[in-house]
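**Student:** Take this structure, written in structure tokens, and hold onto it; I'll ask about it next.
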Amino acid sequence: MPNFLETIFLQVQRSAERVVLREVRGEQIVSVTGRELFEKVQNVRAFLRVRGIQPGDRCALLGANSISWIACNLALMAEKAIVVPLYSRQAASDLVVMLKDCGARLVLAGDESLGAGVASAWGNAPPVALLDDAIRGKSLDRPVETVPLPRSDDDLVTIIYTSGTSGEPKGVCLTTGNLTHMIGCTTERLGQLMAGRREPDRIFHYLPLNFAASWIVMLSGLTRVTEFTLSTDLNKLVDEIRIAAPNYFLNVPTLLERVRRGVEENISKQFAPIRSLYSRVKQVWLRRQSGRRLALDGLWLDLGDMLIFGKIRARFGSHLLALICGSAPLAPETQQFFLMLGIPVLQGYGLTETTGICTLDDPGIPVEPGHVGQAVPGIEMCIGDNEEILVRGPNIFAGYWNRPEETAKVIQDGWFHTGDQGEVTTSHNWRIIGRIKNLIILNSGHNIAPEPIEDRVAQLLLAAQQVVLVGNSKGYLCALIAGNVADDAVQGALDKVNPELPHYRQIRNFVVLKETFTAENGLLTANGKLRRDAINARFATEIAAMYGRKATA
């Protein structure tokens, strides 16, 4: 049975005359056929051989999403080099830490500035070559084989560095076996979603390909008959989605929350009849979800679809079947919002260490807002101590690069300890509660997962960028609110949330911060997760003031 890479090579060669990859550049689309992509891959393989790259050498890919990035990625894997995909927007000093850790032999960079940034931060940096130079290839005495070099299931394919919410990032080692199994699972789910359609899957992609789930989606698409369209300008995402007109695409909750906020803010500025209709339809929808129906409900829903929801759906193109969402739990209210629009949101859950995915919503089963689906075939999941999710199966990574002690901490008796807290329904549908290391322990001894409370407050403060709870070793919880939000709006939200909670989980004080949290200022990871330790340190004075004392150095 072919491994995932052999399957991709076969599919690309079968698609010689068909467009397989596209880039949206303004109003124009640049595309390549299977033949053209294959030629690019073979050129890069020749380039790598001239450069002396050997199987097992670590080679970094540093650049924005592009056809060239994908071609170089495939070529590196075909030559059995170990791909180290890096986030092009990270600080050069952070990139150097990872390059040193993995012992990179070569850096393939998307542009000269990226390579120069690495070189200036590290005097002994490995050679840097541009992606486009690699695509042009080098002359060889004999042609490169048309198939990838043979590999076993245990061979390393990639080292993907974790976000590093605290401390230095760790390199997650994924093998041929990990990827072959996971891509088999994802393609099965995509086949269910497409429901036997004969035309190619239309996939749009804007998330950085260096992230595990994003990378898996790209590789999965290449094993199928697919037209895979890459975003090139996040500032023009709305236009790019319209041009791509996808069947589905991968998202993070941040974008879907932003869409929901944008729609509701726009409706709030419309004439009174539209505002009233939206409010009525929303009430009808939520009532139906609780199992209650009234005689005119169908009429209201039809009106809402004709006058409001159909126009919103049109922004996603005429082919959309579903949105896929991962990286963090999506607020149930936002998932309900998209269902009300007639757009299913299929959630998945996983970590880099689990080859990006553990669970996926089944497209053939109605989604349950707030849940992330069942474990994918071949993967076992259970609840351990402190409600921790444990995972076992062929998707579990081979270990952290050069960190056997760290690996032994998280893999015990064959079970990977995710560090996430969860619960599972009788129908085996999983829900993520929070991160164990994020638990806030009050001086009363109460343990509190902050994420559900933060999410609830954020749903009531659409203008807030982030909500972060604090209170370790304190007598009560306080909140940091980042964004352009008025104090009275925050207090109004807390007046709604606090009565729903036991006394020890109620928020007793807050401060509004004008500085938002970003990866650039060090308060978010590269994929948008909170760096809680950094946030606590940055705003130590504000936190101390909420508890009525001065901050100490």
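By convention here, the chains of the structure tokens are called A, B, ... in the order presented, each chain's residues are numbered starting at 1, and ligands are numbered starting at 1 in the order presented.
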Show me, as a ChimeraX atom specification, the residues that have an atom within 9 Å of Asp487 (chain A) when counting only C-alpha atoms, minus same-chain residues fewer than 6 positions from it.

**Tutor:** /A:510-512

**Student:** Counting only C-alpha atoms, what is within 10 Å of region 93-110 of chain A, bar same-chain residues fewer than 4 positions away, as a PyMOL selection string?

**Tutor:** chain A and resi 48+51-54+57-66+68-69+72-73+81-89+114-122+124-134+159-161+168-171+401-402

**Student:** I'd like the interatomic distance between CA of Ala71 (chain A) and CA of Gly123 (chain A), to a tenth of an Å.

**Tutor:**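 Taking CA of Ala71 (chain A) as the start and CA of Gly123 (chain A) as the end point, the length is 28.7 Å.
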
**Student:** Kindly indicate which residue among A:Ala213, A:Ile433, A:Leu439, A:Val20 lies nearest to Thr352 (chain A), using only C-alpha atoms for the distances.

**Tutor:** A:Ala213

**Student:** List the neighbours of Ile440 (chain A) out to 6 Å using only C-alpha atoms; skip same-chain residues closer than 4 positions along the sequence, and give me the result as a list in words.

**Tutor:**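 So, after excluding close chain neighbours, the residues are Asn447, Ile448 and Asn472 of chain A.
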
**Student:** Could you find all residues in region 45-142 of chain A that DSSP calls strand (DSSP E) from the backbone, and write them as an MDAnalysis selection string?

**Tutor:** chainID A and resid 58:62 82:86 106:109 128:130

**Student:** Any chance you could export the current selection's N, CA, C and O atoms as a PDB file, in the first residue's frame?

**Tutor:**
ATOM      1  N   ARG A  58      18.184  18.194   7.979  1.00  0.00           N
ATOM      2  CA  ARG A  58      17.067  19.080   8.299  1.00  0.00           C
ATOM      3  C   ARG A  58      17.154  20.330   7.425  1.00  0.00           C
ATOM      4  O   ARG A  58      18.202  20.998   7.374  1.00  0.00           O
ATOM      5  N   CYS A  59      16.068  20.641   6.745  1.00  0.00           N
ATOM      6  CA  CYS A  59      16.008  21.800   5.856  1.00  0.00           C
ATOM      7  C   CYS A  59      14.790  22.636   6.217  1.00  0.00           C
ATOM      8  O   CYS A  59      13.675  22.117   6.269  1.00  0.00           O
ATOM      9  N   ALA A  60      15.020  23.928   6.463  1.00  0.00           N
ATOM     10  CA  ALA A  60      13.935  24.808   6.894  1.00  0.00           C
ATOM     11  C   ALA A  60      13.235  25.426   5.688  1.00  0.00           C
ATOM     12  O   ALA A  60      13.873  25.801   4.702  1.00  0.00           O
ATOM     13  N   LEU A  61      11.924  25.533   5.806  1.00  0.00           N
ATOM     14  CA  LEU A  61      11.095  26.238   4.829  1.00  0.00           C
ATOM     15  C   LEU A  61      10.571  27.488   5.504  1.00  0.00           C
ATOM     16  O   LEU A  61       9.835  27.403   6.491  1.00  0.00           O
ATOM     17  N   LEU A  62      10.960  28.648   5.005  1.00  0.00           N
ATOM     18  CA  LEU A  62      10.622  29.911   5.649  1.00  0.00           C
ATOM     19  C   LEU A  62      10.043  30.862   4.613  1.00  0.00           C
ATOM     20  O   LEU A  62      10.775  31.469   3.825  1.00  0.00           O
ATOM     21  N   ILE A  82      14.437  16.128   6.077  1.00  0.00           N
ATOM     22  CA  ILE A  82      13.438  16.383   7.115  1.00  0.00           C
ATOM     23  C   ILE A  82      13.023  17.849   7.022  1.00  0.00           C
ATOM     24  O   ILE A  82      13.844  18.752   7.205  1.00  0.00           O
ATOM     25  N   VAL A  83      11.753  18.067   6.725  1.00  0.00           N
ATOM     26  CA  VAL A  83      11.236  19.423   6.522  1.00  0.00           C
ATOM     27  C   VAL A  83      11.013  20.090   7.873  1.00  0.00           C
ATOM     28  O   VAL A  83      10.377  19.525   8.770  1.00  0.00           O
ATOM     29  N   VAL A  84      11.519  21.321   8.004  1.00  0.00           N
ATOM     30  CA  VAL A  84      11.287  22.125   9.213  1.00  0.00           C
ATOM     31  C   VAL A  84      10.548  23.393   8.771  1.00  0.00           C
ATOM     32  O   VAL A  84      11.173  24.391   8.405  1.00  0.00           O
ATOM     33  N   PRO A  85       9.210  23.370   8.760  1.00  0.00           N
ATOM     34  CA  PRO A  85       8.457  24.545   8.313  1.00  0.00           C
ATOM     35  C   PRO A  85       8.406  25.593   9.423  1.00  0.00           C
ATOM     36  O   PRO A  85       8.056  25.289  10.564  1.00  0.00           O
ATOM     37  N   LEU A  86       8.756  26.817   9.097  1.00  0.00           N
ATOM     38  CA  LEU A  86       8.813  27.895  10.080  1.00  0.00           C
ATOM     39  C   LEU A  86       7.867  29.027   9.690  1.00  0.00           C
ATOM     40  O   LEU A  86       7.575  29.231   8.510  1.00  0.00           O
ATOM     41  N   LEU A 106      20.110  23.747   5.571  1.00  0.00           N
ATOM     42  CA  LEU A 106      19.739  24.676   4.507  1.00  0.00           C
ATOM     43  C   LEU A 106      18.454  25.383   4.888  1.00  0.00           C
ATOM     44  O   LEU A 106      17.577  24.785   5.521  1.00  0.00           O
ATOM     45  N   VAL A 107      18.355  26.656   4.526  1.00  0.00           N
ATOM     46  CA  VAL A 107      17.121  27.419   4.699  1.00  0.00           C
ATOM     47  C   VAL A 107      16.623  27.819   3.318  1.00  0.00           C
ATOM     48  O   VAL A 107      17.354  28.481   2.551  1.00  0.00           O
ATOM     49  N   LEU A 108      15.410  27.416   2.983  1.00  0.00           N
ATOM     50  CA  LEU A 108      14.761  27.859   1.748  1.00  0.00           C
ATOM     51  C   LEU A 108      13.801  28.981   2.120  1.00  0.00           C
ATOM     52  O   LEU A 108      12.809  28.747   2.828  1.00  0.00           O
ATOM     53  N   ALA A 109      14.098  30.197   1.677  1.00  0.00           N
ATOM     54  CA  ALA A 109      13.351  31.377   2.105  1.00  0.00           C
ATOM     55  C   ALA A 109      12.504  31.941   0.972  1.00  0.00           C
ATOM     56  O   ALA A 109      12.881  31.875  -0.199  1.00  0.00           O
ATOM     57  N   VAL A 128      21.412  30.007   2.893  1.00  0.00           N
ATOM     58  CA  VAL A 128      20.033  30.400   2.583  1.00  0.00           C
ATOM     59  C   VAL A 128      19.875  30.464   1.070  1.00  0.00           C
ATOM     60  O   VAL A 128      20.712  31.043   0.372  1.00  0.00           O
ATOM     61  N   ALA A 129      18.815  29.854   0.554  1.00  0.00           N
ATOM     62  CA  ALA A 129      18.482  29.935  -0.869  1.00  0.00           C
ATOM     63  C   ALA A 129      17.034  30.367  -1.002  1.00  0.00           C
ATOM     64  O   ALA A 129      16.205  30.064  -0.139  1.00  0.00           O
ATOM     65  N   LEU A 130      16.730  31.084  -2.046  1.00  0.00           N
ATOM     66  CA  LEU A 130      15.358  31.519  -2.278  1.00  0.00           C
ATOM     67  C   LEU A 130      14.537  30.381  -2.888  1.00  0.00           C
ATOM     68  O   LEU A 130      15.054  29.579  -3.683  1.00  0.00           O
TER      69      LEU A 130
END

**Student:** Counting only C-alpha atoms, which of A:Ala272, A:Val225, A:Leu207, A:Met546 gets nearest to Thr187 (chain A)?

**Tutor:**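 Among A:Ala272, A:Val225, A:Leu207, A:Met546, it is A:Val225 that comes nearest to Thr187 (chain A).
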
**Student:** Which one is closest to Ile411 (chain A): A:Thr354, A:Asn3, A:Thr334, A:Asn210? Count only C-alpha atoms.

**Tutor:** A:Thr354

**Student:** Give me, as a PDB file with C-alpha atoms, in the first residue's frame, all polymer residues having an atom no more than 12 Å from region 305-317 of chain A, counting only C-alpha atoms and skipping those fewer than 3 positions away in the same chain.

**Tutor:**
ATOM      1  CA  ARG A 202     -12.521  23.501  -4.402  1.00  0.00           C
ATOM      2  CA  ILE A 203     -10.357  24.336  -1.358  1.00  0.00           C
ATOM      3  CA  PHE A 204      -9.380  27.835  -0.231  1.00  0.00           C
ATOM      4  CA  LEU A 237      -9.559  37.823   2.429  1.00  0.00           C
ATOM      5  CA  VAL A 238     -13.208  38.604   1.685  1.00  0.00           C
ATOM      6  CA  ASP A 239     -12.459  39.228  -1.990  1.00  0.00           C
ATOM      7  CA  GLU A 240     -10.188  36.190  -2.234  1.00  0.00           C
ATOM      8  CA  ILE A 241     -12.850  33.878  -0.808  1.00  0.00           C
ATOM      9  CA  ARG A 242     -15.366  35.233  -3.312  1.00  0.00           C
ATOM     10  CA  ILE A 243     -12.941  34.627  -6.195  1.00  0.00           C
ATOM     11  CA  ALA A 244     -11.999  31.121  -5.000  1.00  0.00           C
ATOM     12  CA  ALA A 245     -15.650  30.111  -4.380  1.00  0.00           C
ATOM     13  CA  PRO A 246     -14.574  27.085  -2.289  1.00  0.00           C
ATOM     14  CA  ASN A 247     -16.448  23.960  -1.223  1.00  0.00           C
ATOM     15  CA  TYR A 248     -14.737  24.185   2.171  1.00  0.00           C
ATOM     16  CA  PHE A 249     -11.739  25.715   3.912  1.00  0.00           C
ATOM     17  CA  VAL A 259     -17.254  37.508  10.739  1.00  0.00           C
ATOM     18  CA  ARG A 260     -20.045  37.172  13.265  1.00  0.00           C
ATOM     19  CA  GLY A 262     -18.961  42.215  11.542  1.00  0.00           C
ATOM     20  CA  VAL A 263     -22.366  40.917  10.454  1.00  0.00           C
ATOM     21  CA  GLU A 264     -24.068  41.877  13.700  1.00  0.00           C
ATOM     22  CA  ASN A 266     -23.555  45.897  10.173  1.00  0.00           C
ATOM     23  CA  ILE A 267     -27.121  44.802  10.943  1.00  0.00           C
ATOM     24  CA  GLN A 270     -29.524  48.978   9.127  1.00  0.00           C
ATOM     25  CA  PRO A 273     -37.270  46.640   9.861  1.00  0.00           C
ATOM     26  CA  ILE A 274     -34.051  44.734   9.099  1.00  0.00           C
ATOM     27  CA  ARG A 275     -32.853  45.000  12.715  1.00  0.00           C
ATOM     28  CA  SER A 276     -36.216  43.785  13.926  1.00  0.00           C
ATOM     29  CA  LEU A 277     -36.311  40.912  11.428  1.00  0.00           C
ATOM     30  CA  TYR A 278     -32.821  39.736  12.435  1.00  0.00           C
ATOM     31  CA  SER A 279     -33.728  39.809  16.119  1.00  0.00           C
ATOM     32  CA  VAL A 281     -35.302  35.253  13.294  1.00  0.00           C
ATOM     33  CA  LYS A 282     -32.525  34.753  15.843  1.00  0.00           C
ATOM     34  CA  TRP A 285     -33.755  29.820  15.524  1.00  0.00           C
ATOM     35  CA  GLY A 298     -41.048  28.736   9.244  1.00  0.00           C
ATOM     36  CA  LEU A 299     -42.226  31.985   7.681  1.00  0.00           C
ATOM     37  CA  TRP A 300     -39.823  34.067   9.769  1.00  0.00           C
ATOM     38  CA  LEU A 301     -36.907  31.786   8.898  1.00  0.00           C
ATOM     39  CA  ASP A 302     -37.744  31.996   5.178  1.00  0.00           C
ATOM     40  CA  LEU A 320     -19.701  26.357  -0.106  1.00  0.00           C
ATOM     41  CA  LEU A 321     -20.645  23.142   1.703  1.00  0.00           C
ATOM     42  CA  ALA A 322     -19.063  23.747   5.102  1.00  0.00           C
ATOM     43  CA  LEU A 323     -16.440  25.603   7.067  1.00  0.00           C
ATOM     44  CA  PHE A 337     -24.803  31.741  14.208  1.00  0.00           C
ATOM     45  CA  PHE A 338     -23.317  30.015  11.156  1.00  0.00           C
ATOM     46  CA  LEU A 339     -25.837  27.182  11.356  1.00  0.00           C
ATOM     47  CA  MET A 340     -28.558  29.830  11.332  1.00  0.00           C
ATOM     48  CA  LEU A 341     -26.987  31.231   8.148  1.00  0.00           C
ATOM     49  CA  GLY A 342     -27.163  27.753   6.615  1.00  0.00           C
ATOM     50  CA  ILE A 343     -23.398  27.166   6.827  1.00  0.00           C
ATOM     51  CA  PRO A 344     -22.332  24.123   8.872  1.00  0.00           C
TER      52      PRO A 344
END

**Student:** Can you list, as a PyMOL selection string, all residues belonging to region 392-497 of chain A that DSSP tags as alpha helix (DSSP H)?

**Tutor:** chain A and resi 404-410+450-460+487-497

**Student:** Using only C-alpha atoms, what does the table of region 189-307 of chain A residues within 12 Å of region 361-375 of chain A look like, with each row giving the shortest atom pair and its distance in Å to one decimal, sorted by chain and ascending number, as JSON lines?

**Tutor:**
{"residue": "A:Arg189", "atom": "CA", "partner": "A:Asp362", "partner_atom": "CA", "distance": 6.8}
{"residue": "A:Leu190", "atom": "CA", "partner": "A:Pro363", "partner_atom": "CA", "distance": 8.4}
{"residue": "A:Gly191", "atom": "CA", "partner": "A:Pro363", "partner_atom": "CA", "distance": 9.5}
{"residue": "A:Gln192", "atom": "CA", "partner": "A:Pro363", "partner_atom": "CA", "distance": 6.4}
{"residue": "A:Leu193", "atom": "CA", "partner": "A:Pro363", "partner_atom": "CA", "distance": 5.4}
{"residue": "A:Met194", "atom": "CA", "partner": "A:Pro363", "partner_atom": "CA", "distance": 9.1}
{"residue": "A:Ala195", "atom": "CA", "partner": "A:Gly364", "partner_atom": "CA", "distance": 9.2}
{"residue": "A:Tyr248", "atom": "CA", "partner": "A:Pro363", "partner_atom": "CA", "distance": 11.7}
{"residue": "A:Pro253", "atom": "CA", "partner": "A:Gly370", "partner_atom": "CA", "distance": 11.9}
{"residue": "A:Gln289", "atom": "CA", "partner": "A:Glu368", "partner_atom": "CA", "distance": 10.5}

**Student:** Find the residue from A:Gln90, A:Thr226, A:Asp413, A:Leu294 that sits nearest to Leu524 (chain A); use only C-alpha atoms when measuring.

**Tutor:**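 Among the listed residues, A:Gln90 lies closest to Leu524 (chain A).
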
**Student:** Mind pulling up the distance from CA of Val470 (chain A) to CA of Ala493 (chain A)?

**Tutor:**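 These two atoms are separated by 17.2 Å.
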
**Student:** Let me make sure I understand: among A:Met1, A:Ser327, A:Glu199, A:Arg292, which one has the smallest atom-to-atom distance to Leu255 (chain A) if we use only C-alpha atoms?

**Tutor:** A:Ser327
